[in-house]
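Below: one structure, written as structure tokens.
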Amino acid sequence: MAQGSFDSIEIVEGLTEYSNRVNLKSVFSQFGEVEVCWVPPPNQRQDVFAFIRFRNRETAATALQACQNGAVFLDGMFVKARPRQNTGPGSKGTGSKGGGKGGRSRSSSSTPPRLRAMERRRREQRDRRSRSRDRRRRDSRGRR
């Protein structure tokens, strides 16, 4: 790809579980104005790349060159990057590494959120009942 023919880069290595959008943006702001900076949630970092879109293409090329030269660090790690493909209007370039299972995304628990909420309410009601029962027992013991 010719230098300067892209305005976004993907971060393919160097994100840790502590990396966040603010830190990534501040590191890459040294090269020029950052328009968009996106970091996937920690549980998706194995499947989806973070990316940075710069205001102009020359800035993106400079940042990419710095990453390739090993001059960019984030949270103590070397940042490796590559040009991001299909970032034009209407494109569906998500930065995905592929291999997804399809269907809707699920949290780490296989229990649906609605059912989890119902279970939580039941637990809270059970806790309230047992506290009331404890108070009654304590009061009845103290009156003897």
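We label chains A, B, ... in the order they appear in the structure tokens, count residues from 1 in each chain, and number ligands from 1 in the order shown.
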
query = Leaving out Pro42 (chain A) and any residue of its chain fewer than 5 positions from it, which residues lie within 12 Å of it when counting only C-alpha atoms, given as a PyMOL selection string?
reply = chain A and resi 15-21+47-50+108

ask   = For the atom pair CA of Pro40 (chain A) and CA of Val79 (chain A), what is the interatomic distance in Å to one decimal place?
value =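 CA of Pro40 (chain A) sits 15.5 Å away from CA of Val79 (chain A).
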
task = Please provide as a ChimeraX atom specification all residues within 10 Å of region 61-76 of chain A, with the sequence filter that same-chain residues fewer than 6 positions apart are discarded (counting only C-alpha atoms).
result = /A:2-11,14-20,23-24,26-32,52,54,82-83

message = Give me, as a ChimeraX atom specification, the residues of region 21-101 of chain A that a backbone DSSP run labels helix (DSSP H, G or I).
response = /A:21-31,42-44,57-68

task = Mind giving me the straight-line distance from CA of Arg138 (chain A) to CA of Arg123 (chain A) in Å, one decimal?
result = 22.4 Å

task = Write down as an NGL selection string the residues of region 23-66 of chain A whose backbone DSSP state falls under strand (DSSP E or B).
result = :A and (34-38 or 48 or 50-54)
